[in-house]
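Text of the file query-v1.cif, holding mmCIF, C-alpha atoms and all ligand atoms:
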```cif
data_coords
loop_
_atom_site.label_atom_id
_atom_site.label_comp_id
_atom_site.auth_asym_id
_atom_site.auth_seq_id
_atom_site.Cartn_x
_atom_site.Cartn_y
_atom_site.Cartn_z
CA MET A 896 11.66 -112.21 161.84
CA HIS A 897 12.73 -111.04 158.35
CA ASP A 898 12.41 -113.39 155.38
CA ALA A 899 14.66 -113.45 152.30
CA GLU A 900 15.82 -115.98 149.75
CA VAL A 901 19.50 -115.68 150.67
CA ALA A 902 21.62 -114.48 153.61
CA VAL A 903 25.10 -113.29 152.63
CA ILE A 904 27.35 -113.39 155.69
CA GLY A 905 30.43 -111.15 155.53
CA ALA A 906 30.92 -107.83 153.72
CA GLY A 907 34.56 -108.08 152.70
CA PRO A 908 35.32 -107.62 149.00
CA ILE A 909 33.89 -111.02 148.03
CA GLY A 910 30.74 -110.65 150.16
CA LEU A 911 30.13 -107.25 148.55
CA GLU A 912 30.76 -108.63 145.07
CA THR A 913 28.24 -111.41 145.83
CA ALA A 914 25.70 -108.83 146.98
CA VAL A 915 26.02 -106.82 143.75
CA ALA A 916 25.64 -109.99 141.65
CA LEU A 917 22.52 -111.07 143.59
CA ARG A 918 21.08 -107.57 143.22
CA ARG A 919 21.69 -107.70 139.45
CA ALA A 920 20.04 -111.14 139.30
CA ARG A 921 17.06 -109.77 141.32
CA VAL A 922 17.43 -112.31 144.11
CA PRO A 923 16.07 -111.01 147.45
CA PHE A 924 18.79 -111.24 150.07
CA VAL A 925 19.86 -109.92 153.44
CA HIS A 926 23.50 -109.00 154.00
CA LEU A 927 25.01 -109.36 157.49
CA GLU A 928 28.41 -108.15 158.70
CA ALA A 929 29.86 -108.22 162.22
CA GLY A 930 31.81 -104.99 161.73
CA ALA A 931 31.99 -102.22 159.14
CA ILE A 932 32.25 -103.16 155.47
CA GLY A 933 35.79 -104.29 154.63
CA ALA A 934 36.37 -105.02 158.33
CA THR A 935 39.41 -107.23 157.63
CA MET A 936 41.24 -104.36 155.95
CA GLY A 937 40.12 -102.18 158.87
CA TRP A 938 42.65 -103.78 161.21
CA TRP A 939 45.66 -103.53 158.90
CA ALA A 940 48.28 -100.89 159.72
CA PRO A 941 47.53 -97.54 158.07
CA GLY A 942 49.17 -97.15 154.69
CA THR A 943 49.51 -100.92 154.03
CA ARG A 944 49.58 -101.52 150.30
CA TYR A 945 47.99 -104.39 148.41
CA PHE A 946 50.41 -106.60 146.56
CA SER A 947 47.78 -107.14 143.83
CA SER A 948 47.41 -104.61 141.03
CA PRO A 949 44.22 -102.54 141.27
CA GLU A 950 42.46 -104.27 138.36
CA ARG A 951 42.85 -107.64 140.09
CA ILE A 952 41.12 -106.56 143.29
CA ALA A 953 38.42 -104.44 141.63
CA ILE A 954 34.96 -105.95 142.19
CA ALA A 955 31.61 -106.03 140.41
CA GLY A 956 33.06 -104.53 137.21
CA VAL A 957 33.73 -101.16 138.91
CA PRO A 958 37.22 -99.86 138.05
CA LEU A 959 39.57 -99.16 140.97
CA VAL A 960 41.64 -96.13 139.99
CA VAL A 961 44.56 -95.31 142.25
CA GLN A 962 46.48 -92.05 142.29
CA GLY A 963 49.92 -92.26 140.68
CA GLU A 964 49.08 -95.63 139.10
CA GLU A 965 50.35 -97.24 142.31
CA LYS A 966 49.04 -100.32 144.03
CA ALA A 967 46.14 -99.45 146.33
CA THR A 968 46.63 -98.69 149.98
CA ARG A 969 44.23 -99.97 152.62
CA GLU A 970 42.69 -96.48 152.67
CA ASP A 971 42.25 -96.40 148.86
CA TYR A 972 40.54 -99.76 148.96
CA LEU A 973 38.22 -99.01 151.88
CA ARG A 974 37.16 -95.81 150.09
CA TYR A 975 36.57 -97.88 146.95
CA LEU A 976 34.43 -100.44 148.83
CA ARG A 977 32.27 -97.61 150.23
CA GLN A 978 31.92 -96.27 146.71
CA VAL A 979 30.78 -99.68 145.36
CA ALA A 980 28.34 -100.19 148.25
CA GLY A 981 26.95 -96.70 147.68
CA ALA A 982 26.71 -96.98 143.89
CA PHE A 983 24.67 -100.19 144.11
CA ALA A 984 22.70 -98.99 147.16
CA LEU A 985 23.69 -102.13 149.06
CA GLU A 986 21.98 -102.45 152.40
CA VAL A 987 24.58 -104.16 154.54
CA ARG A 988 23.43 -104.75 158.10
CA THR A 989 26.75 -103.84 159.68
CA PHE A 990 27.70 -104.54 163.30
CA GLU A 991 25.42 -107.59 163.36
CA ARG A 992 27.36 -110.75 164.05
CA VAL A 993 25.83 -114.05 163.01
CA ALA A 994 25.89 -115.96 166.28
CA ALA A 995 23.73 -118.97 165.48
CA VAL A 996 22.03 -120.73 162.59
CA GLU A 997 19.33 -123.36 162.97
CA ARG A 998 17.28 -125.48 160.55
CA GLU A 999 13.50 -125.12 160.72
CA SER A 1000 11.23 -126.88 158.22
CA GLY A 1001 13.13 -126.08 155.04
CA TRP A 1002 14.42 -122.71 156.25
CA PHE A 1003 17.63 -121.58 157.89
CA VAL A 1004 16.98 -119.33 160.87
CA VAL A 1005 19.94 -116.98 161.21
CA ARG A 1006 20.27 -115.24 164.57
CA THR A 1007 22.47 -112.19 164.96
CA ALA A 1008 23.76 -110.31 167.99
CA PRO A 1009 25.03 -106.73 168.16
CA SER A 1010 28.76 -106.47 167.65
CA SER A 1011 31.34 -103.71 168.03
CA HIS A 1012 33.80 -104.96 165.38
CA GLY A 1013 34.38 -107.38 162.51
CA VAL A 1014 35.56 -110.94 163.04
CA GLY A 1015 39.31 -110.41 163.03
CA GLY A 1016 41.91 -108.05 164.45
CA MET A 1017 42.92 -107.11 167.96
CA GLU A 1018 39.40 -106.50 169.24
CA GLU A 1019 38.36 -109.98 168.15
CA GLN A 1020 41.37 -111.48 169.88
CA ARG A 1021 40.38 -109.69 173.11
CA ARG A 1022 36.81 -110.95 172.73
CA ALA A 1023 38.09 -114.50 172.28
CA GLN A 1024 40.22 -114.15 175.41
CA ARG A 1025 37.21 -112.87 177.40
CA LEU A 1026 35.03 -115.74 176.16
CA ALA A 1027 37.74 -118.25 177.03
CA THR A 1028 38.03 -116.86 180.56
CA ASP A 1029 34.23 -116.81 181.02
CA ARG A 1030 33.99 -120.42 179.99
CA GLY A 1031 37.15 -121.64 181.71
CA LEU A 1032 38.66 -122.72 178.40
CA ALA A 1033 42.09 -122.48 176.84
CA GLU A 1034 42.44 -119.28 174.81
CA GLY A 1035 42.28 -121.01 171.44
CA GLU A 1036 38.91 -122.53 172.34
CA GLY A 1037 37.31 -119.27 173.43
CA ALA A 1038 36.88 -118.02 169.91
CA ARG A 1039 34.23 -120.56 168.96
CA SER A 1040 31.05 -118.87 167.73
CA ALA A 1041 28.72 -118.87 170.66
CA PRO A 1042 24.95 -118.56 170.71
CA PRO A 1043 23.79 -115.13 171.93
CA ARG A 1044 23.90 -114.81 175.71
CA ARG A 1045 20.69 -114.81 177.73
CA GLY A 1046 19.07 -111.38 177.57
CA GLU A 1047 21.22 -110.26 174.63
CA PRO A 1048 19.08 -108.54 172.00
CA THR A 1049 18.99 -110.61 168.83
CA ARG A 1050 17.52 -110.40 165.35
CA GLU A 1051 16.30 -113.34 163.33
CA TYR A 1052 16.27 -113.86 159.57
CA ARG A 1053 14.59 -116.78 157.82
CA VAL A 1054 16.28 -117.70 154.56
CA ARG A 1055 16.43 -120.56 152.07
CA LYS A 1056 20.13 -120.26 151.29
CA ILE A 1057 23.28 -118.99 152.96
CA VAL A 1058 26.50 -117.65 151.45
CA LEU A 1059 29.44 -117.77 153.85
CA ALA A 1060 31.87 -115.06 152.72
CA ILE A 1061 33.39 -114.90 156.17
CA GLY A 1062 37.11 -114.76 155.32
CA ASN A 1063 39.77 -116.73 157.13
CA MET A 1064 41.91 -114.32 159.17
CA HIS A 1065 39.83 -114.39 162.32
CA LEU A 1066 42.42 -114.96 165.05
CA PRO A 1067 46.21 -114.98 165.32
CA ARG A 1068 48.10 -118.24 165.06
CA MET A 1069 49.39 -118.43 168.63
CA VAL A 1070 53.04 -119.27 169.21
CA GLY A 1071 52.21 -120.79 172.60
CA VAL A 1072 55.12 -119.54 174.69
CA PRO A 1073 55.28 -117.92 178.13
CA GLY A 1074 54.95 -114.14 177.89
CA GLU A 1075 52.84 -114.15 174.70
CA GLY A 1076 50.10 -112.26 176.55
CA LEU A 1077 52.35 -109.45 177.89
CA PRO A 1078 51.23 -105.92 176.99
CA HIS A 1079 54.23 -105.16 174.77
CA VAL A 1080 53.60 -108.30 172.67
CA SER A 1081 51.18 -108.27 169.73
CA HIS A 1082 50.17 -110.26 166.65
CA TYR A 1083 49.11 -107.11 164.83
CA LEU A 1084 51.24 -104.46 163.19
CA GLU A 1085 49.89 -101.02 164.07
CA ASP A 1086 50.76 -97.55 162.76
CA PRO A 1087 54.56 -97.62 162.25
CA HIS A 1088 54.76 -94.26 164.06
CA LYS A 1089 54.07 -96.11 167.32
CA TYR A 1090 57.41 -97.94 167.13
CA PHE A 1091 59.68 -94.90 166.64
CA GLY A 1092 62.82 -95.12 168.78
CA LYS A 1093 61.91 -98.58 170.12
CA ARG A 1094 63.76 -101.89 169.94
CA VAL A 1095 61.32 -104.12 168.10
CA VAL A 1096 61.70 -107.86 167.69
CA ILE A 1097 59.65 -109.22 164.79
CA VAL A 1098 59.05 -112.97 164.69
CA GLY A 1099 58.03 -114.49 161.36
CA GLY A 1100 59.49 -115.56 158.05
CA ARG A 1101 56.83 -114.49 155.57
CA ASN A 1102 55.93 -111.39 153.69
CA SER A 1103 54.08 -109.68 156.54
CA ALA A 1104 57.11 -109.97 158.84
CA ALA A 1105 59.47 -108.79 156.08
CA GLU A 1106 57.24 -105.84 155.24
CA ALA A 1107 56.87 -104.87 158.90
CA ALA A 1108 60.66 -104.99 159.35
CA VAL A 1109 61.27 -102.58 156.47
CA ARG A 1110 58.41 -100.22 157.41
CA LEU A 1111 59.43 -100.03 161.08
CA TYR A 1112 63.08 -99.49 160.17
CA ARG A 1113 61.97 -96.55 157.99
CA ALA A 1114 59.87 -95.24 160.91
CA GLY A 1115 62.94 -95.06 163.15
CA ALA A 1116 62.67 -98.32 165.11
CA SER A 1117 65.63 -100.56 165.84
CA VAL A 1118 64.43 -103.81 164.28
CA THR A 1119 65.52 -107.44 164.63
CA LEU A 1120 63.81 -109.96 162.37
CA CYS A 1121 63.83 -113.49 163.81
CA GLN A 1122 62.80 -116.69 162.07
CA ARG A 1123 62.96 -120.46 162.33
CA ARG A 1124 64.48 -121.07 158.90
CA PRO A 1125 68.21 -120.68 158.21
CA GLU A 1126 67.63 -118.22 155.33
CA LEU A 1127 65.04 -115.73 154.19
CA GLU A 1128 62.17 -117.50 152.45
CA ARG A 1129 62.72 -115.78 149.13
CA GLU A 1130 59.63 -117.25 147.45
CA ARG A 1131 57.36 -116.04 150.26
CA ILE A 1132 58.53 -112.44 150.24
CA LYS A 1133 57.32 -110.10 147.50
CA TYR A 1134 59.92 -109.65 144.80
CA TRP A 1135 60.00 -105.86 145.17
CA LEU A 1136 60.54 -106.04 148.95
CA LEU A 1137 63.26 -108.70 149.05
CA PRO A 1138 66.21 -106.67 147.64
CA GLU A 1139 65.64 -103.82 150.10
CA LEU A 1140 65.33 -106.20 153.05
CA GLU A 1141 68.46 -108.10 152.04
CA TRP A 1142 70.36 -104.87 151.58
CA LEU A 1143 69.29 -103.54 155.00
CA ILE A 1144 70.21 -106.82 156.68
CA GLY A 1145 73.53 -106.92 154.81
CA LYS A 1146 74.35 -103.39 156.02
CA GLY A 1147 73.41 -104.30 159.59
CA GLN A 1148 70.56 -101.74 159.58
CA ILE A 1149 68.06 -104.50 160.36
CA GLY A 1150 69.17 -107.25 162.74
CA PHE A 1151 68.55 -110.80 161.57
CA GLU A 1152 68.42 -113.94 163.72
CA ALA A 1153 67.92 -117.11 161.68
CA SER A 1154 67.42 -120.74 162.80
CA VAL A 1155 65.87 -119.64 166.08
CA GLY A 1156 62.66 -120.66 167.88
CA VAL A 1157 60.88 -118.52 170.45
CA ARG A 1158 61.21 -120.00 173.94
CA GLU A 1159 59.95 -117.22 176.16
CA ILE A 1160 59.13 -113.52 176.12
CA THR A 1161 60.04 -111.44 179.16
CA GLU A 1162 59.55 -107.75 180.03
CA GLY A 1163 62.68 -106.68 178.17
CA ALA A 1164 63.73 -109.46 175.81
CA VAL A 1165 62.80 -112.43 173.68
CA VAL A 1166 64.59 -115.64 174.54
CA PHE A 1167 65.19 -117.93 171.56
CA THR A 1168 66.53 -121.45 171.36
CA ARG A 1169 69.38 -121.88 168.89
CA ALA A 1170 71.54 -124.92 168.15
CA GLY A 1171 71.07 -126.43 171.58
CA GLY A 1172 71.62 -123.12 173.39
CA TYR A 1173 69.81 -119.85 173.96
CA VAL A 1174 70.06 -116.37 172.55
CA GLU A 1175 68.40 -113.36 174.16
CA VAL A 1176 67.40 -110.41 171.99
CA PRO A 1177 66.49 -107.18 173.85
CA ALA A 1178 63.01 -105.89 172.99
CA ASP A 1179 60.76 -102.98 174.00
CA MET A 1180 58.06 -104.34 171.71
CA VAL A 1181 57.48 -107.74 170.15
CA LEU A 1182 55.51 -108.49 166.99
CA LEU A 1183 54.58 -112.13 166.45
CA LEU A 1184 53.65 -112.10 162.76
CA THR A 1185 53.08 -115.81 162.42
CA GLY A 1186 49.80 -115.75 160.49
CA TYR A 1187 46.10 -116.05 161.25
CA VAL A 1188 43.55 -118.83 161.51
CA GLN A 1189 39.91 -119.28 160.59
CA GLU A 1190 37.24 -119.64 163.26
CA PRO A 1191 35.22 -122.67 162.07
CA GLY A 1192 32.18 -122.20 164.35
CA LEU A 1193 29.67 -121.29 161.62
CA PHE A 1194 30.73 -124.22 159.43
CA GLU A 1195 30.42 -126.57 162.39
CA MET A 1196 27.03 -125.18 163.40
CA LEU A 1197 25.72 -125.78 159.89
CA GLY A 1198 27.22 -129.26 159.63
CA VAL A 1199 29.65 -128.37 156.81
CA GLU A 1200 32.36 -131.00 156.57
CA LEU A 1201 35.89 -129.65 157.21
CA HIS A 1202 38.92 -131.55 156.00
CA GLY A 1203 42.70 -131.64 156.12
CA PRO A 1204 45.02 -129.94 158.58
CA GLU A 1205 43.79 -126.55 157.34
CA ARG A 1206 40.17 -127.58 158.10
CA ARG A 1207 38.91 -126.49 154.69
CA PRO A 1208 35.17 -126.71 154.02
CA ARG A 1209 34.22 -129.31 151.42
CA PHE A 1210 32.34 -127.77 148.51
CA ASN A 1211 31.42 -128.39 144.89
CA HIS A 1212 33.92 -126.46 142.76
CA ASP A 1213 31.35 -125.86 140.00
CA THR A 1214 28.68 -124.33 142.24
CA MET A 1215 30.45 -123.38 145.50
CA GLU A 1216 27.73 -125.29 147.39
CA THR A 1217 28.98 -127.18 150.43
CA CYS A 1218 27.90 -130.66 151.43
CA VAL A 1219 24.94 -128.99 153.18
CA PRO A 1220 22.38 -128.18 150.47
CA GLY A 1221 21.70 -124.46 150.31
CA VAL A 1222 24.94 -123.45 152.07
CA PHE A 1223 27.52 -121.83 149.77
CA VAL A 1224 31.04 -120.61 150.48
CA ALA A 1225 33.03 -117.85 148.75
CA GLY A 1226 36.26 -115.90 148.98
CA THR A 1227 39.08 -116.77 151.34
CA ALA A 1228 36.56 -118.62 153.52
CA VAL A 1229 37.01 -121.61 151.18
CA SER A 1230 40.56 -122.21 152.26
CA GLY A 1231 40.32 -122.76 156.01
CA SER A 1232 43.34 -121.78 158.08
CA GLN A 1233 45.69 -121.75 155.14
CA GLU A 1234 49.37 -122.15 156.01
CA ARG A 1235 50.36 -120.70 152.71
CA ALA A 1236 47.86 -118.27 151.23
CA ARG A 1237 46.60 -119.51 147.86
CA VAL A 1238 43.16 -117.92 147.75
CA PHE A 1239 43.00 -114.16 147.46
CA ILE A 1240 40.52 -111.56 146.29
CA GLU A 1241 42.02 -111.77 142.83
CA ASN A 1242 41.37 -115.48 142.29
CA ALA A 1243 38.08 -115.59 144.24
CA HIS A 1244 35.94 -113.46 141.88
CA GLU A 1245 34.91 -116.60 140.03
CA HIS A 1246 33.35 -117.97 143.23
CA VAL A 1247 30.73 -115.24 142.92
CA ASP A 1248 29.89 -116.06 139.31
CA LYS A 1249 29.56 -119.77 140.11
CA LEU A 1250 27.40 -119.45 143.19
CA VAL A 1251 25.05 -116.86 141.71
CA ARG A 1252 24.48 -119.08 138.66
CA ALA A 1253 23.77 -122.00 141.00
CA ILE A 1254 21.38 -119.97 143.16
CA VAL A 1255 19.49 -118.50 140.23
CA GLY A 1256 19.52 -121.82 138.36
CA ARG A 1257 20.42 -120.33 134.99
CA GLU A 1258 23.05 -118.25 133.21
CA VAL A 1259 23.04 -114.67 134.48
CA GLU A 1260 24.63 -111.59 133.05
CA LEU A 1261 27.81 -110.90 135.00
CA PRO A 1262 30.25 -108.04 134.64
CA GLU A 1263 33.07 -108.44 132.15
CA ARG A 1264 36.34 -109.10 133.85
CA ALA A 1265 39.63 -110.76 133.09
CA VAL A 1266 40.22 -114.16 134.66
CA PHE A 1267 43.23 -114.41 136.92
CA GLU A 1268 44.23 -117.99 137.51
CA GLY A 1269 47.13 -117.54 139.86
CA ASN A 1270 48.12 -114.52 141.86
CA GLU A 1271 50.93 -112.06 141.59
CA GLU A 1272 53.05 -114.11 143.92
CA SER A 1273 53.40 -116.89 141.42
C1 LIG B 1 48.41 -107.16 154.99
C2 LIG B 1 47.56 -107.92 154.01
C3 LIG B 1 47.66 -107.64 152.65
C4 LIG B 1 46.87 -108.31 151.72
N1 LIG B 1 46.98 -108.01 150.41
C5 LIG B 1 46.19 -108.66 149.52
C6 LIG B 1 46.28 -108.39 148.10
O1 LIG B 1 47.10 -107.59 147.68
N2 LIG B 1 45.47 -109.06 147.25
C7 LIG B 1 44.55 -109.95 147.68
O2 LIG B 1 43.82 -110.49 146.84
N3 LIG B 1 44.44 -110.25 148.99
C8 LIG B 1 45.23 -109.62 149.91
N4 LIG B 1 45.14 -109.92 151.24
C9 LIG B 1 44.20 -110.90 151.66
C10 LIG B 1 42.86 -110.16 151.78
O3 LIG B 1 42.69 -109.60 153.05
C11 LIG B 1 41.82 -111.07 151.54
O4 LIG B 1 42.12 -111.67 150.29
C12 LIG B 1 40.44 -110.42 151.48
O5 LIG B 1 40.14 -109.61 152.60
C13 LIG B 1 39.52 -111.58 151.39
O6 LIG B 1 38.25 -111.11 151.12
P1 LIG B 1 37.00 -111.92 151.63
O7 LIG B 1 35.83 -111.11 151.21
O8 LIG B 1 37.10 -113.33 151.20
O9 LIG B 1 37.12 -111.96 153.24
P2 LIG B 1 37.29 -110.79 154.29
O10 LIG B 1 37.71 -109.53 153.64
O11 LIG B 1 38.13 -111.32 155.39
O12 LIG B 1 35.79 -110.57 154.79
C14 LIG B 1 35.14 -111.45 155.67
C15 LIG B 1 34.11 -110.64 156.47
O13 LIG B 1 33.22 -111.54 157.13
C16 LIG B 1 32.89 -110.98 158.37
N5 LIG B 1 32.40 -112.06 159.26
C17 LIG B 1 33.09 -113.17 159.62
N6 LIG B 1 32.32 -113.93 160.46
C18 LIG B 1 31.14 -113.29 160.58
C19 LIG B 1 29.94 -113.55 161.33
N7 LIG B 1 29.83 -114.63 162.12
N8 LIG B 1 28.91 -112.66 161.24
C20 LIG B 1 29.02 -111.56 160.45
N9 LIG B 1 30.12 -111.24 159.75
C21 LIG B 1 31.17 -112.10 159.81
C22 LIG B 1 34.18 -110.33 158.84
O14 LIG B 1 33.94 -109.33 159.81
C23 LIG B 1 34.75 -109.77 157.54
O15 LIG B 1 34.39 -108.43 157.32
C24 LIG B 1 45.93 -109.28 152.17
C25 LIG B 1 45.84 -109.57 153.55
C26 LIG B 1 46.64 -108.91 154.46
C27 LIG B 1 46.53 -109.23 155.92
#
```
As structure tokens - that is how I would like this structure written.
Ligand SMILES: Cc1cc2nc3c(=O)[nH]c(=O)nc-3n(C[C@H](O)[C@H](O)[C@H](O)COP(=O)(O)OP(=O)(O)OC[C@H]3O[C@@H](n4cnc5c(N)ncnc54)[C@H](O)[C@@H]3O)c2cc1C
Amino acid sequence: MHDAEVAVIGAGPIGLETAVALRRARVPFVHLEAGAIGATMGWWAPGTRYFSSPERIAIAGVPLVVQGEEKATREDYLRYLRQVAGAFALEVRTFERVAAVERESGWFVVRTAPSSHGVGGMEEQRRAQRLATDRGLAEGEGARSAPPRRGEPTREYRVRKIVLAIGNMHLPRMVGVPGEGLPHVSHYLEDPHKYFGKRVVIVGGRNSAAEAAVRLYRAGASVTLCQRRPELERERIKYWLLPELEWLIGKGQIGFEASVGVREITEGAVVFTRAGGYVEVPADMVLLLTGYVQEPGLFEMLGVELHGPERRPRFNHDTMETCVPGVFVAGTAVSGSQERARVFIENAHEHVDKLVRAIVGREVELPERAVFEGNEES
């Protein structure tokens, strides 16, 4: 059993920024992460670029300098996170998943189990499917955080406070149609190279679907973008991507099926419902880019109240403390399974400042940084 004042759970950008702030404030803490640091970015397709400018996603006052004054790629940012972790000698206990938390006479006992990956991405989806099968549950239920299995080696940490910086893109939002589990169907965009020469149907109306359509077209795939709405959702697609997508659709280079709903996926096609009838679009590969949801197991285990359709944790906006004394929340974890992303790295830095002040109980010296109230979408 290891003792510390605080356990930080999650080593994404906001978990790492919290760790640096606690280190600067000389608060003893343990930092636990189910995968590698920055595990969420780990499952993005290679070469994916941030939409935020580098200064907005820089953490802990360390400048993020990107070659060519471009926006950072996933690779730039992962390299940067390693640099920050190294510069501050952060001791992140990676590949330790927090599986259970219990209360014991004024302490939280945090139990971890070995893990092969972060909480998110294709591996996590497979794990959820395995758990669901083992327990005879529907797939969506299988993802619930489960106590370590009998005989599984575990570690225990006794702490006074917990910071949940666990993110919110843990599992795909399932469409719930026959054929969704077929091998050529995925909720994750992989290296665009993989799709060369293939007929790819992309389902989704937001930025990730639009970006995938353009990238796969450039990689030599024959792409059809399919969505429920009658027109492209202009306000949900980045302003620099929209003109290219519209141009490619206008020229017939990217196929576009609007006002359609997925009915079924078969070996060679996606069947959509449209205006009372059906339309069948041939497909070698299908990408269902319909968003991701948060796995609420840790909140539930701790007794944190979740509210609204997005199941957002309730917390004090001045301190980031939830309704459970000693349990804090930071980063995109605050927003539950958000339908429309409103919390990003760039507007979550202030969570760190607030919670560290609350934990330390006084003003602490924090790195200078500009305050970004919105995000570059708005
Ligand atoms: C394609 C794409 C592009 C994006 N571009 C931007 C952008 O330009 N700007 C921006 O601000 N945001 C962007 N985002 C959103 C961005 O991913 C998040 O804002 C960012 O990762 C959130 O940081 P975080 O630290 O809150 O959570 P995360 O980075 O998701 O970190 C949470 C961590 O907690 C770990 N974890 C969860 N549960 C447990 C557990 N039980 N035990 C141990 N560890 C656990 C996970 O493994 C993960 O590493 C983008 C997202 C996508 C998908």
If the limit is 7 Å from any atom of ligand LIG 1 (chain B), counting all atoms listed in the file, which residues qualify? Return them as an MDAnalysis selection string.
chainID A and resid 904:910 927:936 939 943:947 952 991:994 1013:1015 1060:1064 1103 1193 1225:1228 1238:1241
Which residues, protein or nucleic acid, reach to within 9 Å of (48.3, -127.6, 161.5) in the file's coordinates when using all atoms listed in the file, and can you give that as a ChimeraX atom specification?
/A:1203-1206,1232,1234
Hey, what's within 12 Å of Cys1218 (chain A) if we count only C-alpha atoms and toss same-chain stuff fewer than 4 positions away? As a list in words, please?
Phe1194, Glu1195, Leu1197, Gly1198, Val1199, Glu1200, Leu1201, His1202, Pro1208, Arg1209, Phe1210, Asn1211, His1212, Thr1214, Val1222, Phe1223 and Val1224 of chain A
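The residue that comes closest to Gln1122 (chain A), out of A:Glu1190, A:Glu1047, A:Asp971, A:Glu1152 and on the basis of only C-alpha atoms, is A:Glu1152.
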Nearest to Arg1050 (chain A), chosen from A:Ala995, A:Leu1066, A:Ile954, A:Leu1084, with all atoms listed in the file counted in the distances
A:Ala995
Name the closest residue to Glu970 (chain A) among the candidates A:Ala940, A:Pro1067, A:His1244, A:Leu1059; distances are taken between atoms, counting only C-alpha atoms.
A:Ala940
So how many Å separate CA of Thr1007 (chain A) and CA of Thr1049 (chain A), to one decimal?
5.4 Å
At what distance in Å, to one decimal, does CA of Tyr1112 (chain A) lie from CA of Arg1129 (chain A)?
19.7 Å
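In terms of minimum interatomic distance to Asp1179 (chain A), A:Ile1097 ranks closest within A:Arg1124, A:Ile1097, A:Glu1216, A:Glu1130, counting all atoms listed in the file.
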Just how far from CA of Val1229 (chain A) is CA of Phe990 (chain A), in Å to one decimal?
22.9 Å
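In this comparison, which uses all atoms listed in the file, the residue of A:Val996, A:Leu985, A:Ala953, A:Ile1144 approaching Ala967 (chain A) most closely is A:Ala953.
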